[in-house]
There are 2 protein chains.
Amino acid sequence: MAALKTSPLAPPGFPVLPEVAGVRLAAVEANIHYRGRNDVMLAAFDAGTRVAGVLTRSLTASAPVHWCRERLPQGCAGALIVCAGNANAFTGQTGHRHVRETCEAVGAQLGCSPDEVFVASTGVIGDTLPIGRVLDAVPVAAAGLGGNWESAARAIMTTDTFPKGATRTAAIGDTTVRINGFAKGSGMIEPDMATMLAFVFTDAAIPGQVLQDLLVECNQDSFNSITVDSDTSTSDTCLLFASGAAGNAEPVSASDTRLAGFREALEALMQDLAVQVVRDGEGAEKLIEVVVRGAATDAEARVAAKAIANSPLVKTAVAGEDANWGRVVMAVGKSGTRLDQRNLGVSFGGITIASGGGKVEDYDESLVTGHLKGREILIEVELGAGTGTSRVWTCDLTHGYIEINADYRS
Amino acid sequence: MAALKTSPLAPPGFPVLPEVAGVRLAAVEANIHYRGRNDVMLAAFDAGTRVAGVLTRSLTASAPVHWCRERLPQGCAGALIVCAGNANAFTGQTGHRHVRETCEAVGAQLGCSPDEVFVASTGVIGDTLPIGRVLDAVPVAAAGLGGNWESAARAIMTTDTFPKGATRTAAIGDTTVRINGFAKGSGMIEPDMATMLAFVFTDAAIPGQVLQDLLVECNQDSFNSITVDSDTSTSDTCLLFASGAAGNAEPVSASDTRLAGFREALEALMQDLAVQVVRDGEGAEKLIEVVVRGAATDAEARVAAKAIANSPLVKTAVAGEDANWGRVVMAVGKSGTRLDQRNLGVSFGGITIASGGGKVEDYDESLVTGHLKGREILIEVELGAGTGTSRVWTCDLTHGYIEINADYRS
């Protein structure tokens, strides 16, 4: 394993996550792949907990993703178990059997149906899960269920250098509800309908379909708006659990006006986690926010923004603190999105470099270079073709990425 | 400028390129961006020379690309001028005026119409061309026209570490014709209808439309089948000039059976140059050939092959000589191409790692690791969904790529 280093973009510490009524957590050491750290996370939910989820669209999705996809429509959850270090992906019928055995063990331990146990795995693709060690870990975890959120967030990490958590509150009618979440990155990140792994928990009472609608909606501008390396994982999973313990009056649809505050809090929390995933992108030294305006449609703006955010040449220029804005022009050009070259504009850090299709006459490159020496970089592009906008987050491409990924398995 | 290093994949030397009747070349030092090396290449063609071309589909294409696109339909060429170090891209009306002034100067010097002068530029995007130095170089170049192909190939290089040239002969009827070509890379390479810059010259007599049909066809499995970093340039240009000096009987269409040998030689030459571009990919230490079979269509096979070839995780695994074949599974999964996971197979260096949807029982990883220690890596994937195939070439992603691209402009 590459030694974990502290990211220069790491937050000062893990936030304080208060209890979410109806949710208990545990983290244990199962030695799946790592040694000397917790690598299995178990969450147990009170009866009546609803679940929503978005999963990778990869056609080589992992066995846990298949399991969750089949069981999400029922909308009820009793538990969640997550294994770190092995993705249980491309493992054939053996992999599917291991998922079933895991969920049966958790169900037996917690007294719920195996079909109400959700599961996720993250790590190496193609290796068989050491199922014995996972099964041994289940009763140990069940005996330790409690409220240590940071420990849970740490147990799902792989190449992450810091645990990622966030918390919000919102009012639904007269009831205050809480939302906690945690996530992990940090390579193979260009989520397609979900990030690698993210779990969100609330005590709100929200019917399954409403929960699903809210999750899909909030996912679009959070986990679906980040990219570390353009590689979509076989394991991307974002699950949202709602215990209902807060006892609020249940909304009947996602468009219920009483959900406005909840929706806002949920999206903010998911965006918070998503940006934390990028901050901990493999080798990341700078967080890059890309804003595209003036596209023919929002969808085209997103394509252009992703083209910039995924361009190795843009990402290395930022790593080198080089104001090479021509590479941004290249990236929007190759993206195929409609643009008017005569009205194309580019700015870095709020400093206009090009507008109206050419470099600004008195452009002072030293100002842009100053911005690039910071840790948070803003790239804005105007396409001049309409009113579509998009915002995505990425990180720079550094020697650290090469180091981490050239010897990940050894 | 990053110092040029010798690529570990460099050929032993530039091949001997015999004369192509009707074509003369010169290389001169204009100090456009580089110092102490030739950076302007001029080619002069005998009257009656036909031209075909494929150009970048980037929507932020450079001024030279626009010029060539407008003049290709006429099918006649008198000269070609290439500037290295400045792309003359995103330079507005000034950039277009500089192209016109350059072509007028060349036309006046060589006694041809400016509209028969073709032009290409490569280098930094967004900076104004130092037009005075280019115009000063034109008469010097015209005075030095001759047959030094290596010197011409060197004059168009940017971050390339070696010049790229190739030569072939073919018979058209009873006449033997020659084809020479040279190209440059080596970053911002995922050509879309053409590579960064490639120029091919023949003494064959072939009508313009036939030449164009042949070029488009041969381009598909050569320059359009390579990728270094997934970034499509604003300047991609591949031009094919035919002087007609060989005096063969002119074919009337690209399907003329007398062109079989010429087509084969042209495609082989273009593939030779394309693979040389990848061998000199920025930071490349290994050449990777990706073959995808069993896709629903050839087009889907290409999408899957490109997804593998552009995956930073696959490319870093190869750089690290790590048999992390799970990343290949990830890449085909994210590509969205139809596949049957139960029939998915992966092999490295001809050694089957996975087949029938899972890892081979007695798979010996040490054999694959041995293959990965070499310089030429073969990755083969079976999708199990049909009979479509594709082959693309790429290189590994190394610290060298980061070094070259984090301080390219400084």
# chains A, B, ... in the order shown; residues from 1 in each chain; ligands from 1
$ select_by_dssp --residues "stretch 105-248 of chain B" --states "strand (DSSP E or B)" --output "PyMOL selection string"
chain B and resi 117-124+146+164-172+175-184+197-202+226+237-242
$ residues_around --residues "A:Ala44" --least-positions-apart "4" --cutoff "9 Å" --atoms "only C-alpha atoms" --output "list in words"
Gly22, Val23, Arg24, Leu25, Ala26, Ala77, Gly78, Ala79, Leu80, Ile81, Leu110, Ala142 and Leu145 of chain A
$ closest_atom_pairs --of "chain B" --to "chain A" --cutoff "8 Å" --atoms "only C-alpha atoms" --output "tab-separated table"
residue	atom	partner	partner_atom	distance
B:Arg57	CA	A:Lys334	CA	7.3
B:Ser58	CA	A:Lys334	CA	4.7
B:Leu59	CA	A:Gly333	CA	4.3
B:Thr60	CA	A:Gly333	CA	4.5
B:Ala61	CA	A:Gly333	CA	7.2
B:Phe90	CA	A:Gly358	CA	6.1
B:Thr91	CA	A:Gly358	CA	5.6
B:Gly92	CA	A:Gly358	CA	5.6
B:Val124	CA	A:Gly326	CA	7.1
B:Ile125	CA	A:Gly326	CA	4.6
B:Gly126	CA	A:Gly326	CA	5.4
B:Asp127	CA	A:Lys359	CA	8.0
B:Met188	CA	A:Leu313	CA	7.2
B:Asp229	CA	A:Pro312	CA	6.6
B:Ser230	CA	A:Ser311	CA	7.4
B:Asp231	CA	A:Ser311	CA	6.3
B:Thr232	CA	A:Lys334	CA	5.7
B:Ser233	CA	A:Met330	CA	6.2
B:Thr234	CA	A:Met330	CA	5.9
B:Ser311	CA	A:Asp231	CA	6.3
B:Pro312	CA	A:Asp229	CA	6.6
B:Leu313	CA	A:Asn405	CA	6.5
B:Thr316	CA	A:Ala406	CA	5.0
B:Ala317	CA	A:Ala406	CA	4.9
B:Val318	CA	A:Ala406	CA	7.4
B:Ala319	CA	A:Ala406	CA	6.1
B:Gly320	CA	A:Ala406	CA	4.0
B:Glu321	CA	A:Ala406	CA	7.4
B:Asp322	CA	A:Asp407	CA	6.8
B:Asn324	CA	A:Arg409	CA	7.4
B:Trp325	CA	A:Gly126	CA	7.9
B:Gly326	CA	A:Ile125	CA	4.6
B:Arg327	CA	A:Ile125	CA	7.0
B:Val329	CA	A:Thr60	CA	6.7
B:Met330	CA	A:Thr234	CA	5.9
B:Ala331	CA	A:Asp231	CA	7.0
B:Val332	CA	A:Thr60	CA	7.5
B:Gly333	CA	A:Leu59	CA	4.3
B:Lys334	CA	A:Ser58	CA	4.6
B:Ser335	CA	A:Ser58	CA	7.7
B:Gly336	CA	A:Leu59	CA	6.5
B:Thr337	CA	A:Leu59	CA	7.9
B:Arg338	CA	A:Leu59	CA	7.7
B:Leu339	CA	A:Leu59	CA	7.4
B:Gln341	CA	A:Thr60	CA	6.7
B:Arg342	CA	A:Gly92	CA	7.4
B:Gly357	CA	A:Gly92	CA	6.1
B:Gly358	CA	A:Gly92	CA	5.6
B:Lys359	CA	A:Gly126	CA	6.9
B:Leu397	CA	A:Ile402	CA	7.5
B:Thr398	CA	A:Ile402	CA	6.3
B:His399	CA	A:His399	CA	5.8
B:Ile402	CA	A:Thr316	CA	6.1
B:Asn405	CA	A:Thr316	CA	5.7
B:Ala406	CA	A:Gly320	CA	4.0
B:Asp407	CA	A:Gly320	CA	5.9
B:Arg409	CA	A:Asn324	CA	7.4
B:Ser410	CA	A:Asp322	CA	7.9
$ select_by_dssp --residues "stretch 109-357 of chain B" --states "helix (DSSP H, G or I)" --output "PyMOL selection string"
chain B and resi 109-110+114-116+131-143+149-155+208-220+223-225+257-279+298-310+312-319+326-335+341-343
$ closest_residue --among "A:Thr161, A:Thr202, A:Thr237, A:Thr175" --to "A:Trp67" --atoms "only C-alpha atoms"
A:Thr237
$ residues_around --residues "B:Glu19" --least-positions-apart "2" --cutoff "10 Å" --atoms "only C-alpha atoms" --output "PyMOL selection string"
chain B and resi 16-17+21-24+146-149+178-180+202-203
$ write_last_selection --atoms "all heavy atoms" --output "mmCIF file, in the first residue's frame"
data_model
loop_
_atom_site.group_PDB
_atom_site.id
_atom_site.type_symbol
_atom_site.label_atom_id
_atom_site.label_comp_id
_atom_site.auth_asym_id
_atom_site.auth_seq_id
_atom_site.Cartn_x
_atom_site.Cartn_y
_atom_site.Cartn_z
ATOM 1 N N VAL B 16 15.985 6.599 -43.662
ATOM 2 C CA VAL B 16 16.437 7.267 -44.888
ATOM 3 C C VAL B 16 15.228 7.494 -45.781
ATOM 4 O O VAL B 16 14.556 6.543 -46.178
ATOM 5 C CB VAL B 16 17.477 6.403 -45.628
ATOM 6 C CG1 VAL B 16 17.860 7.054 -46.954
ATOM 7 C CG2 VAL B 16 18.700 6.187 -44.744
ATOM 8 N N LEU B 17 14.924 8.753 -46.066
ATOM 9 C CA LEU B 17 13.779 9.066 -46.928
ATOM 10 C C LEU B 17 14.286 9.529 -48.282
ATOM 11 O O LEU B 17 14.812 10.636 -48.397
ATOM 12 C CB LEU B 17 12.905 10.167 -46.286
ATOM 13 C CG LEU B 17 11.739 9.692 -45.415
ATOM 14 C CD1 LEU B 17 12.192 8.791 -44.296
ATOM 15 C CD2 LEU B 17 10.959 10.874 -44.880
ATOM 16 N N ALA B 21 9.809 12.950 -56.222
ATOM 17 C CA ALA B 21 9.889 13.868 -57.366
ATOM 18 C C ALA B 21 8.778 14.903 -57.285
ATOM 19 O O ALA B 21 7.617 14.580 -57.037
ATOM 20 C CB ALA B 21 9.783 13.075 -58.670
ATOM 21 N N GLY B 22 9.138 16.161 -57.473
ATOM 22 C CA GLY B 22 8.141 17.229 -57.448
ATOM 23 C C GLY B 22 7.985 17.888 -56.090
ATOM 24 O O GLY B 22 7.162 18.793 -55.927
ATOM 25 N N VAL B 23 8.764 17.434 -55.104
ATOM 26 C CA VAL B 23 8.659 17.994 -53.749
ATOM 27 C C VAL B 23 10.035 18.446 -53.277
ATOM 28 O O VAL B 23 10.999 17.681 -53.318
ATOM 29 C CB VAL B 23 8.112 16.932 -52.761
ATOM 30 C CG1 VAL B 23 8.065 17.489 -51.338
ATOM 31 C CG2 VAL B 23 6.744 16.429 -53.204
ATOM 32 N N ARG B 24 10.142 19.709 -52.836
ATOM 33 C CA ARG B 24 11.376 20.219 -52.244
ATOM 34 C C ARG B 24 11.074 20.793 -50.864
ATOM 35 O O ARG B 24 9.980 21.323 -50.644
ATOM 36 C CB ARG B 24 11.985 21.308 -53.137
ATOM 37 C CG ARG B 24 12.519 20.764 -54.477
ATOM 38 C CD ARG B 24 12.899 21.915 -55.416
ATOM 39 N NE ARG B 24 11.743 22.779 -55.678
ATOM 40 C CZ ARG B 24 11.821 24.100 -55.869
ATOM 41 N NH1 ARG B 24 12.997 24.706 -55.823
ATOM 42 N NH2 ARG B 24 10.737 24.803 -56.113
ATOM 43 N N GLY B 146 15.400 21.944 -50.796
ATOM 44 C CA GLY B 146 16.152 20.792 -51.261
ATOM 45 C C GLY B 146 15.507 19.509 -50.782
ATOM 46 O O GLY B 146 14.284 19.415 -50.753
ATOM 47 N N GLY B 147 16.313 18.551 -50.338
ATOM 48 C CA GLY B 147 15.759 17.234 -50.031
ATOM 49 C C GLY B 147 16.129 16.682 -48.660
ATOM 50 O O GLY B 147 16.195 15.475 -48.479
ATOM 51 N N ASN B 148 16.311 17.566 -47.650
ATOM 52 C CA ASN B 148 16.673 17.080 -46.317
ATOM 53 C C ASN B 148 15.410 16.808 -45.492
ATOM 54 O O ASN B 148 14.894 17.685 -44.806
ATOM 55 C CB ASN B 148 17.587 18.091 -45.618
ATOM 56 C CG ASN B 148 18.179 17.512 -44.344
ATOM 57 O OD1 ASN B 148 17.598 16.603 -43.728
ATOM 58 N ND2 ASN B 148 19.337 18.018 -43.960
ATOM 59 N N TRP B 149 14.934 15.566 -45.547
ATOM 60 C CA TRP B 149 13.674 15.222 -44.885
ATOM 61 C C TRP B 149 13.795 15.226 -43.371
ATOM 62 O O TRP B 149 12.862 15.637 -42.673
ATOM 63 C CB TRP B 149 13.183 13.850 -45.379
ATOM 64 C CG TRP B 149 12.727 13.907 -46.797
ATOM 65 C CD1 TRP B 149 13.507 13.813 -47.910
ATOM 66 C CD2 TRP B 149 11.386 14.122 -47.251
ATOM 67 N NE1 TRP B 149 12.741 13.953 -49.043
ATOM 68 C CE2 TRP B 149 11.433 14.126 -48.669
ATOM 69 C CE3 TRP B 149 10.169 14.290 -46.623
ATOM 70 C CZ2 TRP B 149 10.287 14.315 -49.452
ATOM 71 C CZ3 TRP B 149 9.028 14.469 -47.393
ATOM 72 C CH2 TRP B 149 9.098 14.482 -48.794
ATOM 73 N N ARG B 178 6.429 6.668 -54.939
ATOM 74 C CA ARG B 178 6.981 6.756 -53.580
ATOM 75 C C ARG B 178 6.035 7.553 -52.701
ATOM 76 O O ARG B 178 5.362 8.482 -53.167
ATOM 77 C CB ARG B 178 8.359 7.414 -53.620
ATOM 78 C CG ARG B 178 8.962 7.595 -52.232
ATOM 79 C CD ARG B 178 10.475 7.697 -52.233
ATOM 80 N NE ARG B 178 11.125 6.488 -52.718
ATOM 81 C CZ ARG B 178 11.316 5.379 -51.985
ATOM 82 N NH1 ARG B 178 10.877 5.309 -50.730
ATOM 83 N NH2 ARG B 178 11.927 4.341 -52.511
ATOM 84 N N ILE B 179 5.979 7.194 -51.415
ATOM 85 C CA ILE B 179 5.239 7.967 -50.414
ATOM 86 C C ILE B 179 6.172 8.223 -49.241
ATOM 87 O O ILE B 179 6.697 7.283 -48.644
ATOM 88 C CB ILE B 179 4.000 7.214 -49.865
ATOM 89 C CG1 ILE B 179 3.223 6.499 -50.980
ATOM 90 C CG2 ILE B 179 3.083 8.160 -49.106
ATOM 91 C CD1 ILE B 179 2.094 5.599 -50.455
ATOM 92 N N ASN B 180 6.404 9.479 -48.915
ATOM 93 C CA ASN B 180 7.150 9.859 -47.709
ATOM 94 C C ASN B 180 6.205 10.594 -46.769
ATOM 95 O O ASN B 180 5.263 11.256 -47.223
ATOM 96 C CB ASN B 180 8.282 10.832 -48.053
ATOM 97 C CG ASN B 180 9.509 10.140 -48.612
ATOM 98 O OD1 ASN B 180 9.525 8.916 -48.775
ATOM 99 N ND2 ASN B 180 10.526 10.928 -48.909
ATOM 100 N N THR B 202 3.659 12.286 -51.996
ATOM 101 C CA THR B 202 3.881 11.215 -52.966
ATOM 102 C C THR B 202 4.056 11.816 -54.355
ATOM 103 O O THR B 202 3.551 12.917 -54.628
ATOM 104 C CB THR B 202 2.720 10.196 -52.960
ATOM 105 O OG1 THR B 202 2.978 9.196 -53.949
ATOM 106 C CG2 THR B 202 1.387 10.859 -53.281
ATOM 107 N N ASP B 203 4.753 11.083 -55.186
ATOM 108 C CA ASP B 203 4.907 11.530 -56.572
ATOM 109 C C ASP B 203 3.823 10.911 -57.459
ATOM 110 O O ASP B 203 3.829 11.099 -58.674
ATOM 111 C CB ASP B 203 6.307 11.204 -57.105
ATOM 112 C CG ASP B 203 6.672 9.739 -56.923
ATOM 113 O OD1 ASP B 203 5.807 8.958 -56.460
ATOM 114 O OD2 ASP B 203 7.825 9.381 -57.229
#
$ closest_residue --among "B:Pro207, B:Gly281, B:Gly247, B:Pro73" --to "B:Thr176" --atoms "only C-alpha atoms"
B:Gly247
$ atom_distance --atom1 "atom CA of A:Ile379" --atom2 "atom CA of A:Glu289"
6.2 Å
$ residues_around --residues "stretch 99-101 of chain A" --least-positions-apart "4" --cutoff "7 Å" --atoms "only C-alpha atoms" --output "PyMOL selection string"
chain A and resi 63-64+95+105
$ residues_around --residues "A:Gly386" --least-positions-apart "6" --cutoff "7 Å" --atoms "only C-alpha atoms" --output "number ranges by chain"
A: 294-297
$ residues_around --residues "A:Phe241" --least-positions-apart "2" --cutoff "8 Å" --atoms "only C-alpha atoms" --output "ChimeraX atom specification"
/A:49-52,77,199-202,239,243
